[in-house]
>>> print(open('work-v2.cif').read())   # mmCIF, C-alpha atoms
data_coords
#
loop_
_atom_site.label_atom_id
_atom_site.label_comp_id
_atom_site.auth_asym_id
_atom_site.auth_seq_id
_atom_site.Cartn_x
_atom_site.Cartn_y
_atom_site.Cartn_z
CA MET A 1 14.91 16.91 18.23
CA PRO A 2 15.80 16.56 21.90
CA ASP A 3 17.90 13.61 22.92
CA ALA A 4 17.08 11.14 25.67
CA GLU A 5 19.48 12.80 28.12
CA GLU A 6 17.74 16.19 27.76
CA VAL A 7 14.31 14.66 28.26
CA MET A 8 15.36 12.71 31.35
CA THR A 9 16.97 15.79 32.87
CA THR A 10 13.81 17.81 32.23
CA PHE A 11 11.45 15.23 33.71
CA VAL A 12 13.42 13.59 36.49
CA GLY A 13 16.61 15.54 37.10
CA THR A 14 19.80 13.58 37.49
CA PRO A 15 18.96 10.08 38.69
CA ALA A 16 21.07 8.19 41.18
CA PRO A 17 23.57 5.62 39.83
CA PRO A 18 21.29 2.59 40.54
CA ALA A 19 18.93 3.97 37.91
CA LEU A 20 21.55 3.47 35.21
CA ASP A 21 19.74 0.44 33.74
CA ARG A 22 16.51 2.43 33.72
CA ARG A 23 18.30 5.31 31.99
CA GLU A 24 19.79 3.02 29.37
CA THR A 25 16.44 1.34 28.73
CA PHE A 26 14.71 4.70 28.45
CA ALA A 27 17.44 6.13 26.22
CA THR A 28 17.25 3.14 23.91
CA LEU A 29 13.46 3.32 23.66
CA PHE A 30 13.49 7.11 23.27
CA ASP A 31 16.09 7.03 20.50
CA ALA A 32 14.27 4.22 18.71
CA HIS A 33 10.72 5.61 18.92
CA TYR A 34 10.74 9.38 19.46
CA PRO A 35 10.77 10.24 15.73
CA ALA A 36 7.78 7.96 15.06
CA VAL A 37 5.82 9.27 18.06
CA LEU A 38 6.55 12.88 17.09
CA ALA A 39 5.44 12.18 13.50
CA TYR A 40 2.27 10.53 14.84
CA CYS A 41 1.53 13.62 16.93
CA ARG A 42 2.39 16.06 14.13
CA ARG A 43 -0.14 14.41 11.83
CA ARG A 44 -2.81 15.00 14.43
CA ALA A 45 -1.95 18.37 15.96
CA ALA A 46 -0.18 21.68 15.42
CA PRO A 47 3.63 21.47 15.65
CA GLU A 48 3.83 23.03 19.13
CA GLU A 49 1.12 20.77 20.51
CA ALA A 50 2.67 17.76 18.79
CA GLY A 51 6.05 18.31 20.42
CA ASP A 52 4.47 18.74 23.85
CA ALA A 53 2.35 15.60 23.42
CA ALA A 54 5.33 13.54 22.23
CA LEU A 55 7.45 14.58 25.21
CA ALA A 56 4.56 13.98 27.62
CA THR A 57 4.24 10.49 26.10
CA PHE A 58 7.84 9.74 27.00
CA GLU A 59 7.30 11.12 30.47
CA VAL A 60 4.65 8.41 30.91
CA LEU A 61 7.13 5.86 29.56
CA TRP A 62 9.71 7.02 32.11
CA ARG A 63 7.23 6.49 34.94
CA THR A 64 6.60 2.93 33.75
CA ILE A 65 10.17 2.11 32.64
CA ASP A 66 10.59 -0.63 35.26
CA GLU A 67 8.00 -2.66 33.34
CA PRO A 68 8.18 -1.48 29.73
CA PRO A 69 5.40 -2.73 27.46
CA ALA A 70 6.11 -5.73 25.26
CA ARG A 71 5.13 -3.91 22.05
CA THR A 72 6.47 -0.46 22.78
CA LEU A 73 5.51 1.54 19.68
CA PRO A 74 1.79 0.69 19.69
CA TRP A 75 1.73 1.41 23.43
CA LEU A 76 3.45 4.77 22.86
CA TYR A 77 0.91 5.62 20.13
CA ARG A 78 -1.88 4.87 22.58
CA VAL A 79 -0.34 7.12 25.23
CA ALA A 80 0.26 9.83 22.62
CA ALA A 81 -3.38 9.58 21.54
CA ALA A 82 -4.44 10.17 25.14
CA GLN A 83 -2.10 13.16 25.43
CA LEU A 84 -3.48 14.62 22.20
CA ALA A 85 -7.06 13.98 23.34
CA ASN A 86 -6.39 16.01 26.48
CA GLY A 87 -5.13 18.84 24.30
CA ARG A 88 -8.14 18.60 21.96
CA ARG A 89 -10.55 18.78 24.88
CA SER A 90 -8.90 21.97 26.03
CA GLU A 91 -9.00 23.37 22.50
CA ARG A 92 -12.70 22.49 22.10
CA ARG A 93 -13.51 24.34 25.30
CA ARG A 94 -11.64 27.36 24.00
CA LEU A 95 -13.37 27.20 20.60
CA ARG A 96 -16.82 26.93 22.19
CA LEU A 97 -16.09 30.08 24.11
CA VAL A 98 -14.92 31.87 20.95
CA GLU A 99 -18.07 30.71 19.09
CA ARG A 100 -20.33 31.95 21.88
CA LEU A 101 -18.61 35.31 21.79
CA ALA A 102 -18.80 35.45 17.99
CA ARG A 103 -22.57 34.77 18.03
CA ARG A 104 -23.20 37.86 20.09
CA PRO A 105 -24.78 40.56 17.93
CA ALA A 106 -22.11 42.95 16.76
CA GLY A 107 -24.07 44.87 14.14
CA GLY A 108 -23.60 42.52 11.20
CA ALA A 109 -24.31 39.10 9.80
CA ALA A 110 -21.85 36.29 10.36
CA PRO A 111 -19.63 35.61 7.36
CA SER A 112 -20.61 32.61 5.27
CA SER A 113 -18.16 29.87 4.34
CA ASP A 114 -16.61 30.02 0.91
CA PRO A 115 -17.63 27.03 -1.29
CA ALA A 116 -14.31 27.30 -3.18
CA ASP A 117 -12.44 26.15 -0.06
CA ALA A 118 -13.19 22.48 -0.83
CA THR A 119 -12.38 22.33 -4.54
CA THR A 120 -9.51 19.86 -4.45
CA GLU A 121 -9.69 16.19 -3.61
CA ALA A 122 -7.29 16.69 -0.72
CA ALA A 123 -9.55 19.32 0.80
CA ALA A 124 -12.57 17.06 0.34
CA ALA A 125 -10.76 14.16 2.00
CA ARG A 126 -9.64 16.35 4.92
CA ASP A 127 -13.18 17.67 5.29
CA ALA A 128 -14.61 14.15 5.25
CA LEU A 129 -12.08 13.03 7.85
CA ASP A 130 -12.96 16.00 10.02
CA ARG A 131 -16.66 15.10 9.82
CA LEU A 132 -16.06 11.53 10.92
CA ARG A 133 -16.44 10.60 14.54
CA PRO A 134 -13.06 10.83 16.28
CA ALA A 135 -13.00 7.06 16.85
CA ASP A 136 -13.53 6.37 13.12
CA ARG A 137 -10.93 8.95 12.15
CA GLU A 138 -8.35 7.40 14.48
CA LEU A 139 -8.91 3.91 13.02
CA LEU A 140 -8.31 5.20 9.50
CA LEU A 141 -5.29 7.32 10.42
CA LEU A 142 -3.52 4.49 12.25
CA VAL A 143 -3.71 2.36 9.12
CA ALA A 144 -3.27 5.01 6.41
CA TRP A 145 -0.82 7.46 7.97
CA GLU A 146 0.98 5.39 10.58
CA GLY A 147 1.18 2.30 8.39
CA LEU A 148 0.22 -0.05 11.20
CA GLY A 149 -1.19 -3.48 10.54
CA PRO A 150 -4.46 -4.59 12.13
CA THR A 151 -2.77 -6.26 15.12
CA GLU A 152 -0.61 -3.24 15.95
CA ALA A 153 -3.40 -0.73 15.39
CA ALA A 154 -5.72 -2.83 17.55
CA ALA A 155 -3.10 -2.74 20.34
CA VAL A 156 -2.90 1.07 20.10
CA LEU A 157 -6.65 1.30 20.67
CA GLY A 158 -6.89 -1.53 23.19
CA LEU A 159 -9.04 -3.67 20.88
CA THR A 160 -8.84 -7.21 19.61
CA PRO A 161 -7.72 -7.48 15.97
CA ALA A 162 -11.17 -8.83 15.01
CA THR A 163 -12.97 -5.90 16.64
CA PHE A 164 -10.53 -3.51 15.03
CA ALA A 165 -11.14 -5.03 11.58
CA VAL A 166 -14.91 -4.66 11.92
CA ARG A 167 -14.65 -1.06 13.13
CA LEU A 168 -12.17 -0.22 10.37
CA HIS A 169 -14.54 -1.63 7.75
CA ARG A 170 -17.39 0.48 9.12
CA ALA A 171 -15.21 3.59 9.31
CA ARG A 172 -14.18 3.13 5.68
CA ARG A 173 -17.84 2.84 4.67
CA ARG A 174 -18.69 6.03 6.55
CA LEU A 175 -15.76 7.87 4.96
CA ASP A 176 -16.81 6.65 1.52
CA ALA A 177 -20.36 7.89 2.16
CA LEU A 178 -18.98 11.32 3.04
CA LEU A 179 -16.83 11.42 -0.10
CA THR A 180 -19.60 10.24 -2.45
CA PRO A 181 -22.19 12.91 -3.32
CA SER A 182 -25.76 11.86 -2.64
CA PRO A 183 -28.80 12.91 -4.72
CA THR A 184 -30.11 14.94 -1.78
CA HIS A 185 -26.78 16.75 -1.26
CA PRO A 186 -25.13 17.13 -4.68
CA VAL A 187 -21.69 18.63 -4.97
CA LYS A 188 -21.96 22.15 -6.41
CA ASP A 189 -19.61 23.24 -9.14
CA ALA A 190 -17.75 26.44 -8.52
CA PRO A 191 -19.05 29.36 -10.64
#
>>> encode(input="work-v2.cif", output="structure tokens")
Amino acid sequence: MPDAEEVMTTFVGTPAPPALDRRETFATLFDAHYPAVLAYCRRRAAPEEAGDAALATFEVLWRTIDEPPARTLPWLYRVAAAQLANGRRSERRRLRLVERLARRPAGGAAPSSDPADATTEAAAARDALDRLRPADRELLLLVAWEGLGPTEAAAVLGLTPATFAVRLHRARRRLDALLTPSPTHPVKDAP
């Protein structure tokens, strides 16, 4: 894990002495919140992408250090979410290109997915989360993985706690619907 001094040197070089209060404020916030922000990013992205997104989040904090947010961790989660979203958009563009190239006739049928891939409950839950809209998934992850309460999670997303509670309730219902087999789409037992 990089320390605050390394990050500041990377992003801003060696600041002039009047910036000492800014440096101390940044160092304190970095030391207090970097592990949580990195964990947040790691639960949502590959390790390399997570590290980049976490550091980019603190770069944004550095640029706004003269007026740090009142509730720093939810604000950092919100910035990290934006950094990760930028990375996901780039990845989706890359995947669309790969899919287009894969659909080109190459003298054989495309491989089918293996039904045994989703035999455990963890795989089913991950699959259901992946099928949720990104907004629903983020609501659930902030509460379940990040352990945030409704007020903090609402701040991360820029919502009121009441709006957050309603959206969380709806997201939970949608997740439950994806996890519960319906008569028209029964779960098949493995052979």
>>> atom_distance(input="work-v2.cif", atom1="CA of Phe58 in chain A", atom2="CA of Thr163 in chain A")
28.0 Å
>>> resolve_selection(input="work-v2.cif", expression="the PyMOL selection byres ((chain A and resi 135) around 12)", output="list in words")
Ala81, Ala85, Leu129, Asp130, Arg131, Leu132, Arg133, Pro134, Asp136, Arg137, Glu138, Leu139, Leu140, Leu141, Leu142, Leu157, Phe164, Arg167, Leu168, Arg170, Ala171, Arg172 and Arg174 of chain A
>>> atom_distance(input="work-v2.cif", atom1="CA of Tyr34 in chain A", atom2="CA of Thr57 in chain A")
9.4 Å
>>> residues_around(input="work-v2.cif", residues="Cys41 in chain A", least_positions_apart="6", cutoff="7 Å", atoms="only C-alpha atoms", output="ChimeraX atom specification")
/A:50,53-54,80
>>> residues_around(input="work-v2.cif", residues="Val79 in chain A", least_positions_apart="5", cutoff="12 Å", atoms="only C-alpha atoms", output="count of residues only")
24
>>> closest_residue(input="work-v2.cif", among="A:Arg71, A:Ala45, A:Asp21, A:Trp62", to="Gly87 in chain A", atoms="all atoms listed in the file")
A:Ala45
>>> atom_distance(input="work-v2.cif", atom1="CA of Arg43 in chain A", atom2="CA of Glu146 in chain A")
9.2 Å
>>> closest_residue(input="work-v2.cif", among="A:Glu91, A:Ala165, A:Pro35, A:Ala46", to="Ala153 in chain A", atoms="only C-alpha atoms")
A:Ala165
>>> residues_around(input="work-v2.cif", residues="Asp66 in chain A", least_positions_apart="6", cutoff="10 Å", atoms="only C-alpha atoms", output="list of chain:residue names")
A:Ala19, A:Asp21, A:Arg22, A:Thr25, A:Phe26
>>> closest_residue(input="work-v2.cif", among="A:Ile65, A:Ala70, A:Ala128, A:Leu179", to="Phe30 in chain A", atoms="all atoms listed in the file")
A:Ile65
